[in-house]
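See below for the structure under consideration.
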Amino acid sequence: MTGLEDLYREIILDHYRSPRNRGELPAPPAQRVEGFNPLCGDEVIVYVQVQDGTVTDIRFAGQGCSISQSSASLMSAAVKGKTVAEARSLIRTFKAMMSVHEARLGDGLDAGGSANGSGDDGTDDVAADPESLGELAALQGVVKFPVRIKCATLSWNTLAQGLDEAEESTAPHA
Amino acid sequence: MSNPCTSAVDFSKLKGDFPVLSRTVHGHRIVYLDSASSAQRPQSVLDAMDAYYQTTHANVHRGVYTLAEEADRLYEGARLAVGRLIGAEDPEHEVIFTKNATESINLVAATWGRSNLNPGDVVLLTDMEHHANIVPWLMLADERGIELRWIGVDDEYRLDLSDLDRLLDGVKLVACTTMSNVLGTITPFAHIAEAAHRAGALVLADGAQSVPHIPTDVGRLGCDFLAFSAHKMLGPTGIGVLWGRRELLEAMPPFLGGGGMIRDVRHDGFTSNVLPWKFEAGTPPIAEAVGLGAAVSYLESLGLDAIRAHEVGLTAYAQSVLAERFGDDLTIFGPPGTAERGGVLSLAYRDVHPHDLAQVLDQAGVCVRAGHHCAKPLMRHLGVNATARASFYLYNDESDVDVLADAIAEAGTLFA
């Protein structure tokens, strides 16, 4: 039920072995943001370049497990060329896919935790629509491994911060 | 596996004493290899705590009725048992119950440190310390302007003592682990303590990793303070120990204020209670002390020498099995000689991230820790963000090592 194949899908292993957009961008003009997972010491550095409301380029660096690294790679491929609004929407959707399932962690932990485990209510459909997530849906299996969720979301939280800082730096100073 | 000289104890039967080890996870029996983080408890410890709550509980040091007297006797009896285990000459006064080793070290930093350290004074630490023996001193450095110095780690995962006398110049306190929770290195503590005392410094031993596994004698260690936790030595969580030399403890101001630690309270002040209660404000962890006492009895029934011999044999077996099966693909961060190390194996396997390794191991029922092990300065020295750490205790045996090796091989296949 919680087999490793749910976690380590082929797409994930592929992005781990051959990460897309790994590297750095000159900052500025790009935003450089560091993200840490204090529990495990993993770190990710996201370089995001925003021009005229569009993510024109993105790179990531750092060290981490297959989940954090593949998630960063998949994320970079997904948001490159998107508008900032689209990227933010994707971040929300991705994080919802990770957090909807947090509500039913009891399922995975022990039989007694099923009180809130009715996963078939409407919220699932909104959050984890595989159509809208494309390859990112491969990371859905992570939610069955609660302690790894933070690995998957690390780069996304870091990107969100980068987008905030990019907008702040271009906002007109009143 | 264990030394035939100590074969009076049959370690292969001990798993049966630990109820949690009969559990299965993901369809496999539990192979618990995370005792350096927290050990499991035998039935006798669980029974002792259960019996205490079912038959005896009352607050200590306050009542004249029978229940309270019995609770008192059990609580103070645990203190004597702990004192016996570490060779304390005056356990009634020198063994302080705290929350854990972390609190024990914080107690020393907050009381001895605040009343003895002034701006410019030096505390000497090592690069092998757990955060519990770093951060309290960093906090004091912020508050007091004291200087922290560090003994480095050499290429063979030992403390680099080549410059010890120079490092000791002007030092007021050396705070040093007796055994690294990452490398397994047993430090030459007595040697360091002797040099420190010659230089006029006091010495604090972080014994969290060694006290559960190696015979301990505070006199032979030569320490002035010794900190350790019950939960790493088969006891419950929520209780730890600070042992200190009596004259030092007498001179130190109290730590936390409240009931139990006072002799008198007036509108304009208070006077502290005598040792050890001066440092035990509020209702202490009584049932936990009872559990710790039972844990000490269990350890003593086996003998710390026999436990150490068992773990030395098991560590040697693990080193040879892992070397044979994985060769250069697997690195163990720590000294190779079993005489100078405990049963703590920090592993790097090819380029499989420790989290991924630990995840695959979990599927086989194998519990190992992956991460920085609360020793980030050491991890920086090693040049890694994380390791996967397998650690042994008296209930582990060669079959556990075999399961570990099989599971590592599975990870190798998955991440090929």
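In the structure tokens, each chain is lettered A, B, ... as it comes, each chain's residues begin at 1, and ligands are numbered from 1 in order of appearance.
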Would you mind listing, for every residue of chain A within 8 Å of chain B, the two atoms forming the shortest contact and the distance between them in Å to one decimal, using only C-alpha atoms, sorted by chain and ascending residue number, as JSON lines?
{"residue": "A:Gly3", "atom": "CA", "partner": "B:Gln363", "partner_atom": "CA", "distance": 7.7}
{"residue": "A:Leu4", "atom": "CA", "partner": "B:Val360", "partner_atom": "CA", "distance": 7.2}
{"residue": "A:Leu13", "atom": "CA", "partner": "B:Phe415", "partner_atom": "CA", "distance": 7.7}
{"residue": "A:Leu39", "atom": "CA", "partner": "B:Gly371", "partner_atom": "CA", "distance": 7.3}
{"residue": "A:Cys40", "atom": "CA", "partner": "B:Gly371", "partner_atom": "CA", "distance": 4.6}
{"residue": "A:Gly41", "atom": "CA", "partner": "B:Asn385", "partner_atom": "CA", "distance": 5.6}
{"residue": "A:Asp42", "atom": "CA", "partner": "B:Asn385", "partner_atom": "CA", "distance": 6.6}
{"residue": "A:Gln63", "atom": "CA", "partner": "B:Asn385", "partner_atom": "CA", "distance": 7.6}
{"residue": "A:Gly64", "atom": "CA", "partner": "B:His353", "partner_atom": "CA", "distance": 7.0}
{"residue": "A:Cys65", "atom": "CA", "partner": "B:His353", "partner_atom": "CA", "distance": 5.1}
{"residue": "A:Ser66", "atom": "CA", "partner": "B:Asp356", "partner_atom": "CA", "distance": 6.8}
Restricted to N, CA and C atoms, what would the selected residues look like written as a PDB file, in the first residue's frame?
ATOM      1  N   GLY A   3       4.095   1.194  -1.041  1.00  0.00           N
ATOM      2  CA  GLY A   3       5.283   0.637  -1.665  1.00  0.00           C
ATOM      3  C   GLY A   3       6.203   1.743  -2.152  1.00  0.00           C
ATOM      4  N   LEU A   4       7.461   1.410  -2.227  1.00  0.00           N
ATOM      5  CA  LEU A   4       8.432   2.406  -2.670  1.00  0.00           C
ATOM      6  C   LEU A   4       8.170   2.885  -4.082  1.00  0.00           C
ATOM      7  N   LEU A  13      12.907   9.526 -10.590  1.00  0.00           N
ATOM      8  CA  LEU A  13      14.283   9.042 -10.668  1.00  0.00           C
ATOM      9  C   LEU A  13      15.003   9.655 -11.864  1.00  0.00           C
ATOM     10  N   LEU A  39      15.398  20.204   9.353  1.00  0.00           N
ATOM     11  CA  LEU A  39      15.326  18.851   9.914  1.00  0.00           C
ATOM     12  C   LEU A  39      16.410  17.951   9.345  1.00  0.00           C
ATOM     13  N   CYS A  40      16.730  18.153   8.077  1.00  0.00           N
ATOM     14  CA  CYS A  40      17.644  17.207   7.443  1.00  0.00           C
ATOM     15  C   CYS A  40      18.894  17.872   6.902  1.00  0.00           C
ATOM     16  N   GLY A  41      18.938  19.192   6.921  1.00  0.00           N
ATOM     17  CA  GLY A  41      20.127  19.865   6.438  1.00  0.00           C
ATOM     18  C   GLY A  41      20.149  20.063   4.930  1.00  0.00           C
ATOM     19  N   ASP A  42      19.089  19.634   4.235  1.00  0.00           N
ATOM     20  CA  ASP A  42      19.054  19.842   2.795  1.00  0.00           C
ATOM     21  C   ASP A  42      18.895  21.326   2.487  1.00  0.00           C
ATOM     22  N   GLN A  63      21.903  20.877  -2.430  1.00  0.00           N
ATOM     23  CA  GLN A  63      22.040  19.439  -2.196  1.00  0.00           C
ATOM     24  C   GLN A  63      20.772  18.908  -1.559  1.00  0.00           C
ATOM     25  N   GLY A  64      20.423  17.704  -1.946  1.00  0.00           N
ATOM     26  CA  GLY A  64      19.242  17.135  -1.318  1.00  0.00           C
ATOM     27  C   GLY A  64      18.963  15.728  -1.799  1.00  0.00           C
ATOM     28  N   CYS A  65      17.912  15.173  -1.271  1.00  0.00           N
ATOM     29  CA  CYS A  65      17.540  13.805  -1.610  1.00  0.00           C
ATOM     30  C   CYS A  65      16.872  13.763  -2.974  1.00  0.00           C
ATOM     31  N   SER A  66      16.537  12.569  -3.427  1.00  0.00           N
ATOM     32  CA  SER A  66      15.932  12.413  -4.754  1.00  0.00           C
ATOM     33  C   SER A  66      14.613  13.169  -4.847  1.00  0.00           C
TER      34      SER A  66
END
Shell of 12 Å around Thr338 (chain B), only C-alpha atoms, local chain residues under 2 positions omitted, as a short mmCIF file (atom, residue, chain, number, x, y, z; two decimals) with C-alpha atoms, in the first residue's frame:
data_model
loop_
_atom_site.label_atom_id
_atom_site.label_comp_id
_atom_site.auth_asym_id
_atom_site.auth_seq_id
_atom_site.Cartn_x
_atom_site.Cartn_y
_atom_site.Cartn_z
CA LEU B 183 31.47 9.02 14.27
CA GLY B 184 31.29 6.67 17.22
CA THR B 185 34.74 7.93 18.22
CA ILE B 186 35.49 7.39 21.89
CA ARG B 308 30.50 -3.26 25.62
CA ALA B 309 32.05 -6.57 24.50
CA HIS B 310 28.84 -7.51 22.68
CA GLU B 311 28.76 -4.20 20.84
CA VAL B 312 32.45 -4.36 19.95
CA GLY B 313 31.86 -7.79 18.39
CA LEU B 314 28.76 -6.63 16.57
CA THR B 315 30.48 -3.50 15.25
CA ALA B 316 33.39 -5.57 13.95
CA TYR B 317 30.94 -7.94 12.28
CA ALA B 318 29.07 -5.03 10.66
CA GLN B 319 32.31 -3.45 9.43
CA SER B 320 33.42 -6.70 7.81
CA GLY B 334 34.57 6.97 11.89
CA PRO B 335 37.68 5.28 13.19
CA PRO B 336 38.08 1.69 11.97
CA GLU B 340 38.39 3.36 19.94
CA ARG B 341 34.81 3.48 18.74
CA GLY B 342 31.30 2.62 19.80
CA GLY B 343 28.58 0.89 17.78
CA VAL B 344 27.63 3.97 15.77
CA LEU B 345 28.08 3.66 12.00
#
Practice item. Quick one: everything within 12 Å of Gln51 (chain A), counting only C-alpha atoms, minus sequence neighbours fewer than 6 positions away in the same chain. Send it as an MDAnalysis selection string. Key: chainID A and resid 29:31 57:58 80:84 163 166:167 169:170
Keeping only C-alpha atoms, write those residues as a compact mmCIF listing (two decimals), in the first residue's frame.
# COMPACT_ATOMS: atom_id res chain seq x y z
CA PRO A 29 19.13 40.62 -12.55
CA ALA A 30 17.87 37.21 -11.31
CA GLN A 31 16.61 36.74 -7.75
CA ASP A 57 14.61 31.77 -16.77
CA ILE A 58 15.12 29.62 -13.69
CA LYS A 80 9.88 28.38 -17.13
CA GLY A 81 8.17 30.65 -19.63
CA LYS A 82 5.03 30.94 -17.50
CA THR A 83 3.69 34.27 -16.29
CA VAL A 84 4.25 35.05 -12.62
CA LEU A 163 8.74 35.61 -6.94
CA ALA A 166 11.22 39.81 -7.75
CA GLU A 167 7.95 41.74 -7.56
CA SER A 169 12.31 44.76 -6.46
CA THR A 170 10.41 45.91 -9.54
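Non-sequential neighbours of Ala110 (chain B) (distance at most 12 Å, separation of 4 or more positions within a chain, only C-alpha atoms) are B:Glu103, B:Ser104, B:Ile105, B:Asn106, B:Arg114, B:Ser115, B:Asn116, B:Leu117, B:Val135, B:Pro136, B:Trp137, B:Leu138, B:Met139, B:Leu140, B:Ala141, B:Glu143, B:Arg144, B:Met252, B:Pro253, B:Pro254, B:Phe255, B:Leu256, B:Phe279.
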Env of Ala348 (chain B): 7 Å cut, atoms = only C-alpha atoms, seq-sep filter 5 positions within chain, self excluded. Answer as a PDB file with C-alpha atoms, in the first residue's frame.
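Once everything was written out, this is out32.pdb:
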ATOM      1  CA  LEU B 330      30.226   2.366   1.089  1.00  0.00           C
ATOM      2  CA  THR B 331      32.004   4.782   3.406  1.00  0.00           C
ATOM      3  CA  ILE B 332      31.874   4.630   7.182  1.00  0.00           C
ATOM      4  CA  THR B 387      24.625  10.700   6.714  1.00  0.00           C
ATOM      5  CA  ALA B 388      22.563   7.585   7.338  1.00  0.00           C
TER       6      ALA B 388
END
